[in-house]
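**Student:** My questions all concern the structure below.
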Amino acid sequence: MRRRDFLLLTGGVAVASSGIAWAQPGGKVPVIGYLWHAGSAAEEPPYFEALLEGFARLGYVDGRNLKLEHRFPNEAPARFKSMAAELVALNVNVLMGGQTAAPYLRDATTRIPIVFMFVPDPVGMRLVQSLAQPGRNVTGLASIGRDTAGKRLQLLKEIVPSLSRVGFLINPDQQGQELYFQAFRTAADQLGLLLQTFEARTLQEIESSLDAMVRARMQALVPAQGGIFFQARATIPKLALERRLPMCAHSRELFENGALLSYGADQIEMCRRSAVYADKILKGAKPADLPVEQPTKFELFINVATARALGVTIPQSLLLSADAVIQ
């Protein structure tokens, strides 16, 4: 694998360099409540470990000078809601969560600071008033600009010049998915592609949704971000390959399981950096004054072995510009 070092530039929030974790007034150990999306910590790698690494970089050790309260709703909307309320009732110092959890945390409190990550459109999802001035008790790290959706479709079309029909795998029960689809639909229209949605609300429905794509003569696959599609990261690329559907993933984690390519920000580093926001807030910063951080560098990964299995040829220009190539 060929790799180029990757740096996610900051958007107004600097990493603390002292490595000192500050206690709360009165010497109390600060408490962070994290609302995950899967059913257990064992289903959350590499993000679970990345979060701990992010706090460790700043001198925090869970159980010593920081307490982490984790909740795992297992993708169930009712459990997201009840667990968000549970964390609020604990009166934690900061709440944290990803794309799926963030709206539930927002609805649960206007008082406790909230740090999100992996959110494709924080303004559209009504988490913040603007990226520069969040204005409420919520801030964090965005994962995608609207032009990123277009880039993924453009990459697919470069590899498959005859591409005209793309299947978009979506979970309608996950908040924010409509905004994500709108970005892809706009990009598809500009590229002259037909984008058709296929729904999967559970892990068990994913395979039948891909079968439906084949029946509808889709020529490629783009899964929505997060939720059950992250849970199924080891199976979706294999199911796509079996059905000869070139797949463009949004993150390295899906790519590493056999997707044709991926294009997106480094979400592992994003998870680590979310600790910087929590640290700032614990030291007195207000979420309303912390601009949302946007990725300014995106990673392109290409799997040549998958391309050969699909019978497609990767243009040399893409191979030379990729951050990693699997032969």
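Identifiers in the structure tokens: chain A, B, ... in order shown; residue index from 1 per chain; ligand index from 1 in order shown.
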Considering only C-alpha atoms, give me a table of residues in segment 117-174 of chain A that are at most 10 Å from segment 181-196 of chain A, with the closest atom pair and distance in Å for each, as a Markdown table.
**Tutor:**
| residue | atom | partner | partner_atom | distance |
| --- | --- | --- | --- | --- |
| A:Pro120 | CA | A:Ala183 | CA | 9.7 |
| A:Asp121 | CA | A:Ala183 | CA | 9.7 |
| A:Gly145 | CA | A:Ala183 | CA | 8.7 |
| A:Arg146 | CA | A:Ala183 | CA | 5.5 |
| A:Asp147 | CA | A:Ala187 | CA | 7.6 |
| A:Thr148 | CA | A:Ala183 | CA | 8.7 |
| A:Ala149 | CA | A:Phe184 | CA | 5.3 |
| A:Gly150 | CA | A:Ala187 | CA | 4.6 |
| A:Lys151 | CA | A:Ala187 | CA | 8.3 |
| A:Arg152 | CA | A:Phe184 | CA | 9.0 |
| A:Leu153 | CA | A:Ala188 | CA | 7.0 |
| A:Gln154 | CA | A:Leu191 | CA | 7.4 |
| A:Lys157 | CA | A:Leu191 | CA | 8.6 |
| A:Leu163 | CA | A:Leu193 | CA | 7.5 |
| A:Ser164 | CA | A:Leu193 | CA | 4.8 |
| A:Arg165 | CA | A:Leu194 | CA | 4.8 |
| A:Val166 | CA | A:Leu195 | CA | 5.0 |
| A:Gly167 | CA | A:Gln196 | CA | 5.2 |
| A:Phe168 | CA | A:Gln196 | CA | 5.9 |
| A:Leu169 | CA | A:Gln196 | CA | 8.7 |
| A:Ile170 | CA | A:Phe181 | CA | 8.2 |
**Student:** Generate a file of the selected residues that holds N, CA and C atoms, formatted as a CSV table (one decimal), in the first residue's frame.
**Tutor:**
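Once everything was written out, this is result15.csv:
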chain,number,residue,atom,x,y,z
A,120,PRO,N,-22.6,15.7,8.0
A,120,PRO,CA,-22.4,16.2,6.7
A,120,PRO,C,-22.9,17.7,6.5
A,121,ASP,N,-23.9,18.1,7.2
A,121,ASP,CA,-24.5,19.4,7.0
A,121,ASP,C,-25.0,19.9,8.3
A,145,GLY,N,-18.5,18.4,2.5
A,145,GLY,CA,-19.1,19.6,1.8
A,145,GLY,C,-20.0,19.1,0.7
A,146,ARG,N,-20.9,19.9,0.2
A,146,ARG,CA,-21.8,19.4,-0.8
A,146,ARG,C,-21.1,19.1,-2.1
A,147,ASP,N,-19.9,19.7,-2.3
A,147,ASP,CA,-19.1,19.3,-3.5
A,147,ASP,C,-18.4,18.0,-3.4
A,148,THR,N,-18.3,17.5,-2.1
A,148,THR,CA,-17.7,16.2,-1.9
A,148,THR,C,-18.6,15.1,-2.5
A,149,ALA,N,-19.9,15.2,-2.4
A,149,ALA,CA,-20.8,14.2,-3.0
A,149,ALA,C,-20.6,14.2,-4.5
A,150,GLY,N,-20.4,15.3,-5.1
A,150,GLY,CA,-20.2,15.4,-6.6
A,150,GLY,C,-18.8,14.7,-6.9
A,151,LYS,N,-17.8,14.9,-6.1
A,151,LYS,CA,-16.5,14.3,-6.4
A,151,LYS,C,-16.6,12.8,-6.4
A,152,ARG,N,-17.4,12.2,-5.5
A,152,ARG,CA,-17.5,10.8,-5.4
A,152,ARG,C,-18.1,10.2,-6.7
A,153,LEU,N,-19.2,10.9,-7.1
A,153,LEU,CA,-19.9,10.5,-8.3
A,153,LEU,C,-19.0,10.7,-9.6
A,154,GLN,N,-18.2,11.8,-9.6
A,154,GLN,CA,-17.3,12.1,-10.7
A,154,GLN,C,-16.2,11.0,-10.8
A,157,LYS,N,-17.6,7.9,-12.3
A,157,LYS,CA,-17.8,8.1,-13.8
A,157,LYS,C,-16.5,8.1,-14.5
A,163,LEU,N,-21.1,5.0,-17.2
A,163,LEU,CA,-22.0,5.1,-16.0
A,163,LEU,C,-23.2,6.1,-16.3
A,164,SER,N,-24.4,5.6,-16.0
A,164,SER,CA,-25.6,6.5,-16.1
A,164,SER,C,-26.5,6.3,-15.0
A,165,ARG,N,-26.5,5.2,-14.3
A,165,ARG,CA,-27.4,4.9,-13.2
A,165,ARG,C,-26.7,4.4,-11.9
A,166,VAL,N,-26.9,5.2,-10.9
A,166,VAL,CA,-26.3,4.9,-9.6
A,166,VAL,C,-27.3,4.7,-8.5
A,167,GLY,N,-27.1,3.6,-7.7
A,167,GLY,CA,-27.9,3.3,-6.6
A,167,GLY,C,-27.4,3.9,-5.3
A,168,PHE,N,-28.3,4.6,-4.6
A,168,PHE,CA,-27.9,5.3,-3.4
A,168,PHE,C,-28.6,4.5,-2.2
A,169,LEU,N,-27.8,3.9,-1.4
A,169,LEU,CA,-28.3,3.1,-0.3
A,169,LEU,C,-28.5,4.0,0.9
A,170,ILE,N,-29.7,4.0,1.5
A,170,ILE,CA,-30.1,4.9,2.5
A,170,ILE,C,-31.0,4.3,3.6
**Student:** I need the residues in segment 146-301 of chain A that are strand (DSSP E) according to DSSP; give them as a CSV table (one decimal) with N, CA and C atoms, in the first residue's frame.
**Tutor:**
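Output file selection.csv is given in full below:
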chain,number,residue,atom,x,y,z
A,165,ARG,N,-26.5,5.2,-14.3
A,165,ARG,CA,-27.4,4.9,-13.2
A,165,ARG,C,-26.7,4.4,-11.9
A,166,VAL,N,-26.9,5.2,-10.9
A,166,VAL,CA,-26.3,4.9,-9.6
A,166,VAL,C,-27.3,4.7,-8.5
A,167,GLY,N,-27.1,3.6,-7.7
A,167,GLY,CA,-27.9,3.3,-6.6
A,167,GLY,C,-27.4,3.9,-5.3
A,168,PHE,N,-28.3,4.6,-4.6
A,168,PHE,CA,-27.9,5.3,-3.4
A,168,PHE,C,-28.6,4.5,-2.2
A,169,LEU,N,-27.8,3.9,-1.4
A,169,LEU,CA,-28.3,3.1,-0.3
A,169,LEU,C,-28.5,4.0,0.9
A,170,ILE,N,-29.7,4.0,1.5
A,170,ILE,CA,-30.1,4.9,2.5
A,170,ILE,C,-31.0,4.3,3.6
A,194,LEU,N,-28.6,9.3,-13.4
A,194,LEU,CA,-29.8,9.0,-12.6
A,194,LEU,C,-29.4,8.4,-11.3
A,195,LEU,N,-29.8,9.1,-10.2
A,195,LEU,CA,-29.6,8.6,-8.9
A,195,LEU,C,-30.9,8.1,-8.3
A,196,GLN,N,-30.9,6.8,-7.9
A,196,GLN,CA,-32.1,6.2,-7.4
A,196,GLN,C,-31.9,5.7,-6.0
A,197,THR,N,-32.8,5.9,-5.1
A,197,THR,CA,-32.6,5.5,-3.7
A,197,THR,C,-33.1,4.1,-3.5
A,198,PHE,N,-32.4,3.4,-2.6
A,198,PHE,CA,-32.8,2.0,-2.2
A,198,PHE,C,-32.7,2.0,-0.6
A,199,GLU,N,-33.7,1.6,0.0
A,199,GLU,CA,-33.8,1.7,1.5
A,199,GLU,C,-33.4,0.4,2.2
A,220,ALA,N,-23.6,1.2,-10.4
A,220,ALA,CA,-22.7,1.5,-9.3
A,220,ALA,C,-23.5,1.8,-8.0
A,221,LEU,N,-22.7,1.8,-6.9
A,221,LEU,CA,-23.4,1.9,-5.6
A,221,LEU,C,-22.6,3.0,-4.8
A,222,VAL,N,-23.4,3.8,-4.1
A,222,VAL,CA,-22.9,4.8,-3.1
A,222,VAL,C,-23.8,4.6,-1.9
A,223,PRO,N,-23.2,4.1,-0.7
A,223,PRO,CA,-24.0,4.0,0.5
A,223,PRO,C,-23.9,5.4,1.3
A,248,CYS,N,-18.3,3.4,-4.3
A,248,CYS,CA,-17.5,4.4,-3.8
A,248,CYS,C,-17.9,4.7,-2.3
A,249,ALA,N,-17.0,4.5,-1.4
A,249,ALA,CA,-17.3,4.7,0.0
A,249,ALA,C,-16.9,6.1,0.4
A,261,LEU,N,-13.3,2.1,-4.3
A,261,LEU,CA,-12.6,3.4,-4.0
A,261,LEU,C,-13.3,4.1,-2.8
A,262,SER,N,-12.6,5.0,-2.2
A,262,SER,CA,-13.3,5.9,-1.2
A,262,SER,C,-12.7,7.2,-1.3
A,263,TYR,N,-13.5,8.2,-1.0
A,263,TYR,CA,-13.1,9.6,-1.0
A,263,TYR,C,-13.8,10.3,0.1
A,264,GLY,N,-12.9,10.9,1.0
A,264,GLY,CA,-13.5,11.6,2.2
A,264,GLY,C,-12.4,12.0,3.1
A,299,GLU,N,-9.0,12.3,1.5
A,299,GLU,CA,-8.2,11.1,1.1
A,299,GLU,C,-8.9,10.3,0.0
A,300,LEU,N,-8.1,9.9,-1.0
A,300,LEU,CA,-8.6,9.1,-2.1
A,300,LEU,C,-7.8,7.8,-2.0
A,301,PHE,N,-8.6,6.7,-1.9
A,301,PHE,CA,-8.0,5.3,-1.8
A,301,PHE,C,-8.6,4.5,-3.0
**Student:** Restrict the calculation to only C-alpha atoms, then for each residue of segment 25-56 of chain A with any atom at most 9 Å from an atom of segment 86-94 of chain A give the closest atom pair and their distance in Å to one decimal, rows by chain and rising residue number, as JSON lines.
**Tutor:**
{"residue": "A:Pro30", "atom": "CA", "partner": "A:Asn93", "partner_atom": "CA", "distance": 6.2}
{"residue": "A:Val31", "atom": "CA", "partner": "A:Val92", "partner_atom": "CA", "distance": 5.1}
{"residue": "A:Ile32", "atom": "CA", "partner": "A:Val94", "partner_atom": "CA", "distance": 5.0}
{"residue": "A:Gly33", "atom": "CA", "partner": "A:Leu87", "partner_atom": "CA", "distance": 6.0}
{"residue": "A:Tyr34", "atom": "CA", "partner": "A:Leu87", "partner_atom": "CA", "distance": 8.2}
{"residue": "A:Leu35", "atom": "CA", "partner": "A:Leu87", "partner_atom": "CA", "distance": 8.2}
**Student:** Could those selected residues go to a file with C-alpha atoms, as a PDB file, in the first residue's frame?
**Tutor:**
ATOM      1  CA  PRO A  30     -15.288  16.220  34.589  1.00  0.00           C
ATOM      2  CA  VAL A  31     -17.789  13.820  33.042  1.00  0.00           C
ATOM      3  CA  ILE A  32     -18.224  13.354  29.292  1.00  0.00           C
ATOM      4  CA  GLY A  33     -21.337  11.595  27.988  1.00  0.00           C
ATOM      5  CA  TYR A  34     -20.890   9.921  24.591  1.00  0.00           C
ATOM      6  CA  LEU A  35     -23.891   8.618  22.651  1.00  0.00           C
TER       7      LEU A  35
END
**Student:** Measuring atom to atom with only C-alpha atoms, identify which of A:Val128, A:Ala324, A:Phe230, A:Arg308 is nearest to Ile159 of chain A.
**Tutor:** A:Arg308
**Student:** Interatomic distance between atom CA of Ala322 of chain A and atom CA of Ile302 of chain A?
**Tutor:**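 Interatomic distance, atom CA of Ala322 of chain A to atom CA of Ile302 of chain A: 6.8 Å.
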**Student:** Quick one: residues within 8 Å of segment 76-84 of chain A, only C-alpha atoms, excluding same-chain residues fewer than 4 positions away - as a ChimeraX atom specification?
**Tutor:** /A:35,37,71,88,101,104-105,108,173-174
**Student:** Please report the interatomic distance between atom CA of Lys297 of chain A and atom CA of Ser143 of chain A in Å with one decimal.
**Tutor:** 10.7 Å
**Student:** How many Å separate atom CA of Ala56 of chain A from atom CA of Ile114 of chain A?
**Tutor:**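 It comes out at 19.8 Å.
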**Student:** Measuring atom to atom with only C-alpha atoms, identify which of A:Ser274, A:Gly284, A:Thr109, A:Asn171 is nearest to Phe229 of chain A.
**Tutor:**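 Result for the nearest residue to Phe229 of chain A: A:Asn171.
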**Student:** Once DSSP has gone over the backbone, tell me which residues of segment 103-299 of chain A are in helix (DSSP H, G or I), as a PyMOL selection string.
**Tutor:** chain A and resi 103-108+146-159+177-191+203-215+228-231+236-242+252-255+267-282+287-289
**Student:** Could you turn the residues from that selection into a file that holds C-alpha atoms, as a tab-separated table (two decimals), in the first residue's frame?
**Tutor:**
chain	number	residue	atom	x	y	z
A	103	PRO	CA	-29.91	15.45	16.59
A	104	TYR	CA	-31.09	13.38	19.57
A	105	LEU	CA	-28.61	15.15	21.85
A	106	ARG	CA	-29.70	18.53	20.46
A	107	ASP	CA	-33.35	17.71	21.18
A	108	ALA	CA	-32.52	16.50	24.69
A	146	ARG	CA	-21.82	19.45	-0.82
A	147	ASP	CA	-19.13	19.34	-3.50
A	148	THR	CA	-17.70	16.17	-1.94
A	149	ALA	CA	-20.78	14.23	-3.01
A	150	GLY	CA	-20.17	15.37	-6.56
A	151	LYS	CA	-16.53	14.34	-6.37
A	152	ARG	CA	-17.47	10.76	-5.42
A	153	LEU	CA	-19.85	10.46	-8.34
A	154	GLN	CA	-17.31	12.07	-10.66
A	155	LEU	CA	-14.67	9.53	-9.61
A	156	LEU	CA	-17.06	6.67	-10.34
A	157	LYS	CA	-17.79	8.11	-13.77
A	158	GLU	CA	-14.08	8.47	-14.55
A	159	ILE	CA	-13.58	4.78	-13.79
A	177	GLN	CA	-30.28	11.26	5.38
A	178	GLU	CA	-32.52	13.42	3.20
A	179	LEU	CA	-29.98	16.24	3.26
A	180	TYR	CA	-27.25	13.78	2.33
A	181	PHE	CA	-29.34	12.51	-0.58
A	182	GLN	CA	-30.10	16.03	-1.80
A	183	ALA	CA	-26.39	16.75	-2.13
A	184	PHE	CA	-25.90	13.60	-4.20
A	185	ARG	CA	-28.98	14.23	-6.32
A	186	THR	CA	-27.79	17.73	-7.21
A	187	ALA	CA	-24.38	16.36	-8.16
A	188	ALA	CA	-25.92	13.52	-10.16
A	189	ASP	CA	-28.04	15.97	-12.16
A	190	GLN	CA	-24.95	18.03	-13.00
A	191	LEU	CA	-23.13	14.89	-14.20
A	203	LEU	CA	-28.62	-4.97	8.65
A	204	GLN	CA	-30.78	-7.82	7.34
A	205	GLU	CA	-32.33	-5.59	4.65
A	206	ILE	CA	-29.05	-4.49	3.07
A	207	GLU	CA	-28.54	-7.57	0.88
A	208	SER	CA	-32.07	-7.43	-0.52
A	209	SER	CA	-31.61	-3.71	-1.26
A	210	LEU	CA	-28.51	-4.47	-3.31
A	211	ASP	CA	-30.44	-7.21	-5.13
A	212	ALA	CA	-33.06	-4.58	-5.94
A	213	MET	CA	-30.33	-2.37	-7.39
A	214	VAL	CA	-29.31	-5.16	-9.74
A	215	ARG	CA	-32.91	-5.68	-10.86
A	228	ILE	CA	-26.12	0.58	10.01
A	229	PHE	CA	-23.91	1.04	6.95
A	230	PHE	CA	-20.92	1.54	9.24
A	231	GLN	CA	-22.00	-1.53	11.20
A	236	ILE	CA	-21.35	-4.17	2.03
A	237	PRO	CA	-18.22	-4.07	-0.17
A	238	LYS	CA	-18.32	-7.85	-0.56
A	239	LEU	CA	-22.03	-7.83	-1.41
A	240	ALA	CA	-21.40	-5.07	-3.95
A	241	LEU	CA	-18.54	-7.00	-5.56
A	242	GLU	CA	-20.62	-10.17	-5.80
A	252	ARG	CA	-11.20	4.43	4.79
A	253	GLU	CA	-13.08	2.03	7.08
A	254	LEU	CA	-15.43	0.88	4.30
A	255	PHE	CA	-12.68	0.96	1.68
A	267	GLN	CA	-12.75	10.26	10.19
A	268	ILE	CA	-10.45	8.53	12.65
A	269	GLU	CA	-8.45	11.71	13.11
A	270	MET	CA	-11.70	13.66	13.23
A	271	CYS	CA	-12.81	11.51	16.16
A	272	ARG	CA	-9.50	12.15	17.92
A	273	ARG	CA	-9.84	15.88	17.33
A	274	SER	CA	-13.32	15.98	18.82
A	275	ALA	CA	-11.58	15.69	22.20
A	276	VAL	CA	-10.03	19.12	21.51
A	277	TYR	CA	-13.50	20.67	21.46
A	278	ALA	CA	-14.50	18.93	24.68
A	279	ASP	CA	-11.25	20.10	26.29
A	280	LYS	CA	-11.87	23.70	25.21
A	281	ILE	CA	-15.34	23.60	26.70
A	282	LEU	CA	-14.14	22.07	29.96
A	287	PRO	CA	-19.87	26.10	22.05
A	288	ALA	CA	-21.56	29.12	20.47
A	289	ASP	CA	-18.13	30.72	20.05
**Student:** Segment 130-137 of chain A: which residues within 9 Å, counting only C-alpha atoms, same-chain residues fewer than 6 positions away excluded, as a list in words?
**Tutor:**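 Selected residues are Gly12, Arg106, Thr109, Thr110, Arg111, Ile112, Pro113, Ile114, Val115, Pro122, Val123, Lys286, Pro287, Ala288, Asp289, Leu290, Pro291, Val292, Glu293 and Gln294 of chain A.
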**Student:** My list of candidates is A:Pro315, A:Gly63, A:Pro73, A:Pro172. Which is closest to Glu43 of chain A when distances are computed with only C-alpha atoms?
**Tutor:**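 Ranking A:Pro315, A:Gly63, A:Pro73, A:Pro172 by distance to Glu43 of chain A, first place goes to A:Pro73.
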